[in-house]
Amino acid sequence: MAVSFRKATLGDVPAIQTLISDSAWGLARVDYSDAQIEAALQSAWGVDTQLIRDGTYVVADCERKLIACGGWSWRRTLFGGDAQAGRQSEALDPTCDPARIRAFFVHPAWARRGLGRAMLEHCEQSARARGFRCAELLATLPGERLYRVCGYVSQDARAYPLPNHQTITFVPMRKARI
Ligand SMILES: CC(C)(COP(=O)(O)OP(=O)(O)OC[C@H]1O[C@@H](n2cnc3c(N)ncnc32)[C@H](O)[C@@H]1OP(=O)(O)O)[C@@H](O)C(=O)NCCC(=O)NCCS
């Protein structure tokens with residue numbers, strides 16, 4: 001089955017939302033409770049349409065179905081969908097700021113087939129082409145396993161607030177040379 005990567009469009013948003021939800025329920029339950037996943041899907045794990053408008057969000061299709069998504073950004077916001085509080089849309093300075101790696105989700109039926117790694121390499125290459133030399137992200141616990149093998153170094157895990165009085169553990173990670 002042929003997998004192709006392309007830039008996401010705003011027309012993909014409903015399908016991306018479904019993909020994020022399928023990915024979270026299928027792949028994040030080993031690390032998080034159902035209440036955490038439900039709350040994260042309302043904030044931290046929503047679609048960030050700014051990335052799509054910037055042309056820095058990628059989707060993978062197979063037989064006209066979205067099977068993976070992920071992106072990068074030259075803006076300061078580190079994580080979260082449109083509904084996430086505290087967004088910072090100002091441009092980063094590639095000479096001193098790390099690019100942001102953002103919102104990777106793979107459909108459970110396609111996990112561990114290299115899509116996450118392929119999207120990450122594509123994002124790093126795009127960030128490099130724009131002058132960035134390092135990258136950072138806020139990883140989920142499932143995400144940390146991917147990013148670690150791709151050269152990202154974890155900092156101390158932290159609890160982040162979510163809707164419905166929930167909190168969730170995310171891990172800041174950084175790669176010094178992309
Ligand atoms: C994290 C995620 C994007 C990884 O996507 P993926 O396409 O399955 O990752 P890859 O197949 O490219 O994995 C590359 C390597 O990362 C590591 N890795 C990825 N998932 C892993 C897991 N569940 N357990 C252990 N190692 C893992 C492995 O070393 C793997 O190489 P291998 O399969 O040859 O051993 C996917 O699990 C996912 O969508 N999770 C739910 C949503 C989420 O938490 N997203 C991260 C947001 S920061």
# chains A, B, ... in the order shown; residues from 1 in each chain; ligands from 1

$ select_by_dssp --residues "chain A" --states "strand (DSSP E or B)" --output "ChimeraX atom specification"
/A:3-7,57-62,65-73,75,91,99-106,135-139,153-154,158-161,167-175

$ closest_atom_pairs --of "segment 39-127 of chain A" --to "segment 15-22 of chain A" --cutoff "12 Å" --atoms "only C-alpha atoms" --output "Markdown table"
| residue | atom | partner | partner_atom | distance |
| --- | --- | --- | --- | --- |
| A:Ala39 | CA | A:Ser21 | CA | 11.4 |
| A:Ala40 | CA | A:Ser21 | CA | 9.9 |
| A:Leu41 | CA | A:Ser21 | CA | 6.9 |
| A:Gln42 | CA | A:Ser21 | CA | 10.1 |
| A:Ser43 | CA | A:Gln17 | CA | 11.8 |
| A:Ala44 | CA | A:Ile20 | CA | 10.9 |
| A:Trp45 | CA | A:Ile20 | CA | 7.1 |
| A:Gly46 | CA | A:Gln17 | CA | 6.8 |
| A:Val47 | CA | A:Gln17 | CA | 6.4 |
| A:Asp48 | CA | A:Gln17 | CA | 10.1 |
| A:Thr49 | CA | A:Ile16 | CA | 10.5 |
| A:Ile52 | CA | A:Ile16 | CA | 10.9 |
| A:Tyr57 | CA | A:Ile16 | CA | 10.7 |
| A:Val58 | CA | A:Ile16 | CA | 10.4 |
| A:Val59 | CA | A:Ile16 | CA | 8.3 |
| A:Ala60 | CA | A:Ile16 | CA | 10.5 |
| A:Asp61 | CA | A:Ala15 | CA | 10.9 |
| A:Arg64 | CA | A:Ala15 | CA | 10.8 |
| A:Lys65 | CA | A:Ala15 | CA | 8.4 |
| A:Leu66 | CA | A:Ala15 | CA | 6.9 |
| A:Ile67 | CA | A:Leu19 | CA | 7.0 |
| A:Ala68 | CA | A:Leu19 | CA | 7.3 |
| A:Cys69 | CA | A:Ile16 | CA | 7.3 |
| A:Gly70 | CA | A:Ile16 | CA | 10.0 |
| A:Gly81 | CA | A:Gln17 | CA | 10.1 |
| A:Asp82 | CA | A:Gln17 | CA | 11.7 |
| A:Ala103 | CA | A:Ile20 | CA | 8.9 |
| A:Phe104 | CA | A:Ile20 | CA | 8.6 |
| A:Phe105 | CA | A:Ile20 | CA | 5.8 |
| A:Val106 | CA | A:Leu19 | CA | 7.5 |
| A:His107 | CA | A:Leu19 | CA | 6.3 |
| A:Pro108 | CA | A:Asp22 | CA | 7.2 |
| A:Ala109 | CA | A:Asp22 | CA | 9.7 |
| A:Trp110 | CA | A:Asp22 | CA | 11.3 |
| A:Ala111 | CA | A:Asp22 | CA | 11.7 |

$ residues_around --residues "segment 150-159 of chain A" --least-positions-apart "3" --cutoff "12 Å" --atoms "only C-alpha atoms" --output "PDB file with N, CA and C atoms, in the first residue's frame"
ATOM      1  N   GLN A  36      -7.564  11.546  31.570  1.00  0.00           N
ATOM      2  CA  GLN A  36      -6.503  12.427  31.048  1.00  0.00           C
ATOM      3  C   GLN A  36      -6.591  12.551  29.525  1.00  0.00           C
ATOM      4  N   ILE A 101       9.012  21.306  17.299  1.00  0.00           N
ATOM      5  CA  ILE A 101       8.464  20.105  16.677  1.00  0.00           C
ATOM      6  C   ILE A 101       7.072  19.916  17.287  1.00  0.00           C
ATOM      7  N   GLY A 114       7.595   3.278  11.105  1.00  0.00           N
ATOM      8  CA  GLY A 114       8.549   4.292  10.665  1.00  0.00           C
ATOM      9  C   GLY A 114       7.945   5.622  10.245  1.00  0.00           C
ATOM     10  N   GLY A 116       6.450   7.964  12.154  1.00  0.00           N
ATOM     11  CA  GLY A 116       6.839   9.033  13.080  1.00  0.00           C
ATOM     12  C   GLY A 116       8.254   9.514  12.778  1.00  0.00           C
ATOM     13  N   ARG A 117       9.160   8.572  12.612  1.00  0.00           N
ATOM     14  CA  ARG A 117      10.551   8.925  12.330  1.00  0.00           C
ATOM     15  C   ARG A 117      10.674   9.661  10.988  1.00  0.00           C
ATOM     16  N   ALA A 118       9.929   9.194   9.990  1.00  0.00           N
ATOM     17  CA  ALA A 118      10.004   9.824   8.658  1.00  0.00           C
ATOM     18  C   ALA A 118       9.489  11.269   8.725  1.00  0.00           C
ATOM     19  N   MET A 119       8.388  11.476   9.443  1.00  0.00           N
ATOM     20  CA  MET A 119       7.851  12.848   9.543  1.00  0.00           C
ATOM     21  C   MET A 119       8.812  13.741  10.315  1.00  0.00           C
ATOM     22  N   LEU A 120       9.447  13.166  11.344  1.00  0.00           N
ATOM     23  CA  LEU A 120      10.381  13.968  12.141  1.00  0.00           C
ATOM     24  C   LEU A 120      11.582  14.396  11.289  1.00  0.00           C
ATOM     25  N   GLU A 121      12.089  13.460  10.497  1.00  0.00           N
ATOM     26  CA  GLU A 121      13.236  13.815   9.630  1.00  0.00           C
ATOM     27  C   GLU A 121      12.835  14.900   8.636  1.00  0.00           C
ATOM     28  N   GLU A 124      12.631  18.249  10.560  1.00  0.00           N
ATOM     29  CA  GLU A 124      13.964  18.770  10.884  1.00  0.00           C
ATOM     30  C   GLU A 124      14.626  19.363   9.638  1.00  0.00           C
ATOM     31  N   CYS A 134      18.764  23.899  15.941  1.00  0.00           N
ATOM     32  CA  CYS A 134      18.368  23.003  17.029  1.00  0.00           C
ATOM     33  C   CYS A 134      16.839  23.002  17.120  1.00  0.00           C
ATOM     34  N   ALA A 135      16.307  22.044  17.867  1.00  0.00           N
ATOM     35  CA  ALA A 135      14.851  21.924  17.938  1.00  0.00           C
ATOM     36  C   ALA A 135      14.436  21.493  19.330  1.00  0.00           C
ATOM     37  N   GLU A 136      13.221  21.881  19.717  1.00  0.00           N
ATOM     38  CA  GLU A 136      12.698  21.404  20.989  1.00  0.00           C
ATOM     39  C   GLU A 136      11.228  21.092  20.860  1.00  0.00           C
ATOM     40  N   LEU A 137      10.732  20.396  21.844  1.00  0.00           N
ATOM     41  CA  LEU A 137       9.326  19.974  21.810  1.00  0.00           C
ATOM     42  C   LEU A 137       8.895  19.600  23.220  1.00  0.00           C
ATOM     43  N   LEU A 138       7.597  19.440  23.367  1.00  0.00           N
ATOM     44  CA  LEU A 138       7.055  18.941  24.621  1.00  0.00           C
ATOM     45  C   LEU A 138       6.461  17.578  24.308  1.00  0.00           C
ATOM     46  N   ALA A 139       7.099  16.530  24.807  1.00  0.00           N
ATOM     47  CA  ALA A 139       6.706  15.170  24.409  1.00  0.00           C
ATOM     48  C   ALA A 139       5.669  14.599  25.361  1.00  0.00           C
ATOM     49  N   THR A 140       4.772  13.817  24.779  1.00  0.00           N
ATOM     50  CA  THR A 140       3.957  12.921  25.587  1.00  0.00           C
ATOM     51  C   THR A 140       4.872  11.770  26.026  1.00  0.00           C
ATOM     52  N   LEU A 141       4.372  10.919  26.914  1.00  0.00           N
ATOM     53  CA  LEU A 141       5.189   9.759  27.291  1.00  0.00           C
ATOM     54  C   LEU A 141       5.359   8.788  26.115  1.00  0.00           C
ATOM     55  N   GLY A 143       5.399   9.705  22.982  1.00  0.00           N
ATOM     56  CA  GLY A 143       6.255  10.444  22.057  1.00  0.00           C
ATOM     57  C   GLY A 143       7.710  10.415  22.480  1.00  0.00           C
ATOM     58  N   GLU A 144       7.952  10.417  23.795  1.00  0.00           N
ATOM     59  CA  GLU A 144       9.336  10.448  24.293  1.00  0.00           C
ATOM     60  C   GLU A 144      10.138   9.269  23.735  1.00  0.00           C
ATOM     61  N   ARG A 145       9.472   8.119  23.552  1.00  0.00           N
ATOM     62  CA  ARG A 145      10.193   6.915  23.074  1.00  0.00           C
ATOM     63  C   ARG A 145      10.676   7.119  21.646  1.00  0.00           C
ATOM     64  N   LEU A 146       9.870   7.784  20.838  1.00  0.00           N
ATOM     65  CA  LEU A 146      10.292   8.069  19.463  1.00  0.00           C
ATOM     66  C   LEU A 146      11.408   9.102  19.447  1.00  0.00           C
ATOM     67  N   TYR A 147      11.176  10.220  20.134  1.00  0.00           N
ATOM     68  CA  TYR A 147      12.135  11.335  20.022  1.00  0.00           C
ATOM     69  C   TYR A 147      13.496  10.959  20.612  1.00  0.00           C
ATOM     70  N   LEU A 162      -4.906  20.399  32.676  1.00  0.00           N
ATOM     71  CA  LEU A 162      -5.847  20.097  31.592  1.00  0.00           C
ATOM     72  C   LEU A 162      -7.246  20.499  32.050  1.00  0.00           C
ATOM     73  N   GLN A 166      -7.944  17.899  35.480  1.00  0.00           N
ATOM     74  CA  GLN A 166      -6.948  16.854  35.255  1.00  0.00           C
ATOM     75  C   GLN A 166      -5.576  17.494  35.075  1.00  0.00           C
ATOM     76  N   THR A 167      -4.530  16.699  35.268  1.00  0.00           N
ATOM     77  CA  THR A 167      -3.179  17.117  34.874  1.00  0.00           C
ATOM     78  C   THR A 167      -2.579  15.975  34.054  1.00  0.00           C
ATOM     79  N   ILE A 168      -1.511  16.299  33.321  1.00  0.00           N
ATOM     80  CA  ILE A 168      -0.891  15.263  32.487  1.00  0.00           C
ATOM     81  C   ILE A 168       0.620  15.475  32.480  1.00  0.00           C
ATOM     82  N   THR A 169       1.357  14.388  32.453  1.00  0.00           N
ATOM     83  CA  THR A 169       2.818  14.476  32.436  1.00  0.00           C
ATOM     84  C   THR A 169       3.322  14.585  31.002  1.00  0.00           C
ATOM     85  N   PHE A 170       4.064  15.663  30.740  1.00  0.00           N
ATOM     86  CA  PHE A 170       4.753  15.840  29.468  1.00  0.00           C
ATOM     87  C   PHE A 170       6.238  16.022  29.770  1.00  0.00           C
ATOM     88  N   VAL A 171       7.062  15.787  28.756  1.00  0.00           N
ATOM     89  CA  VAL A 171       8.516  15.844  28.949  1.00  0.00           C
ATOM     90  C   VAL A 171       9.138  16.841  27.957  1.00  0.00           C
ATOM     91  N   PRO A 172       9.707  17.946  28.440  1.00  0.00           N
ATOM     92  CA  PRO A 172      10.421  18.839  27.520  1.00  0.00           C
ATOM     93  C   PRO A 172      11.648  18.116  26.963  1.00  0.00           C
ATOM     94  N   MET A 173      11.862  18.220  25.656  1.00  0.00           N
ATOM     95  CA  MET A 173      13.002  17.546  25.023  1.00  0.00           C
ATOM     96  C   MET A 173      13.659  18.495  24.029  1.00  0.00           C
ATOM     97  N   ARG A 174      14.961  18.268  23.826  1.00  0.00           N
ATOM     98  CA  ARG A 174      15.710  19.168  22.961  1.00  0.00           C
ATOM     99  C   ARG A 174      16.776  18.404  22.183  1.00  0.00           C
ATOM    100  N   LYS A 175      16.980  18.825  20.942  1.00  0.00           N
ATOM    101  CA  LYS A 175      18.067  18.256  20.133  1.00  0.00           C
ATOM    102  C   LYS A 175      18.987  19.413  19.764  1.00  0.00           C
ATOM    103  N   ALA A 176      20.251  19.277  20.130  1.00  0.00           N
ATOM    104  CA  ALA A 176      21.169  20.410  20.006  1.00  0.00           C
ATOM    105  C   ALA A 176      21.567  20.681  18.564  1.00  0.00           C
ATOM    106  N   ARG A 177      21.510  19.640  17.722  1.00  0.00           N
ATOM    107  CA  ARG A 177      21.944  19.804  16.333  1.00  0.00           C
ATOM    108  C   ARG A 177      20.983  19.055  15.420  1.00  0.00           C
ATOM    109  N   ILE A 178      20.207  19.756  14.608  1.00  0.00           N
ATOM    110  CA  ILE A 178      19.293  19.035  13.717  1.00  0.00           C
ATOM    111  C   ILE A 178      19.880  18.964  12.315  1.00  0.00           C
TER     112      ILE A 178
END

$ atom_distance --atom1 "atom CA of Cys96 of chain A" --atom2 "atom CA of Arg130 of chain A"
12.8 Å

$ closest_residue --among "A:Ala127, A:Leu51, A:Leu10, A:Leu78" --to "Pro94 of chain A" --atoms "only C-alpha atoms"
A:Ala127

$ select_by_dssp --residues "segment 19-113 of chain A" --states "alpha helix (DSSP H)" --output "MDAnalysis selection string"
chainID A and resid 19:27 34:40 49:54

$ atom_distance --atom1 "atom CA of Asp93 of chain A" --atom2 "atom CA of Lys7 of chain A"
23.4 Å

$ residues_around --residues "Asp54 of chain A" --least-positions-apart "6" --cutoff "12 Å" --atoms "only C-alpha atoms" --output "list of chain:residue names"
A:Lys7, A:Ala8, A:Thr9, A:Leu10, A:Asp48, A:Gly71, A:Trp72, A:Ser73, A:Trp74, A:Arg75, A:Ser89, A:Ala91

$ atom_distance --atom1 "atom 24 (N, counted along the ligand's line) of ligand 1" --atom2 "atom CA of Gly26 of chain A"
13.2 Å
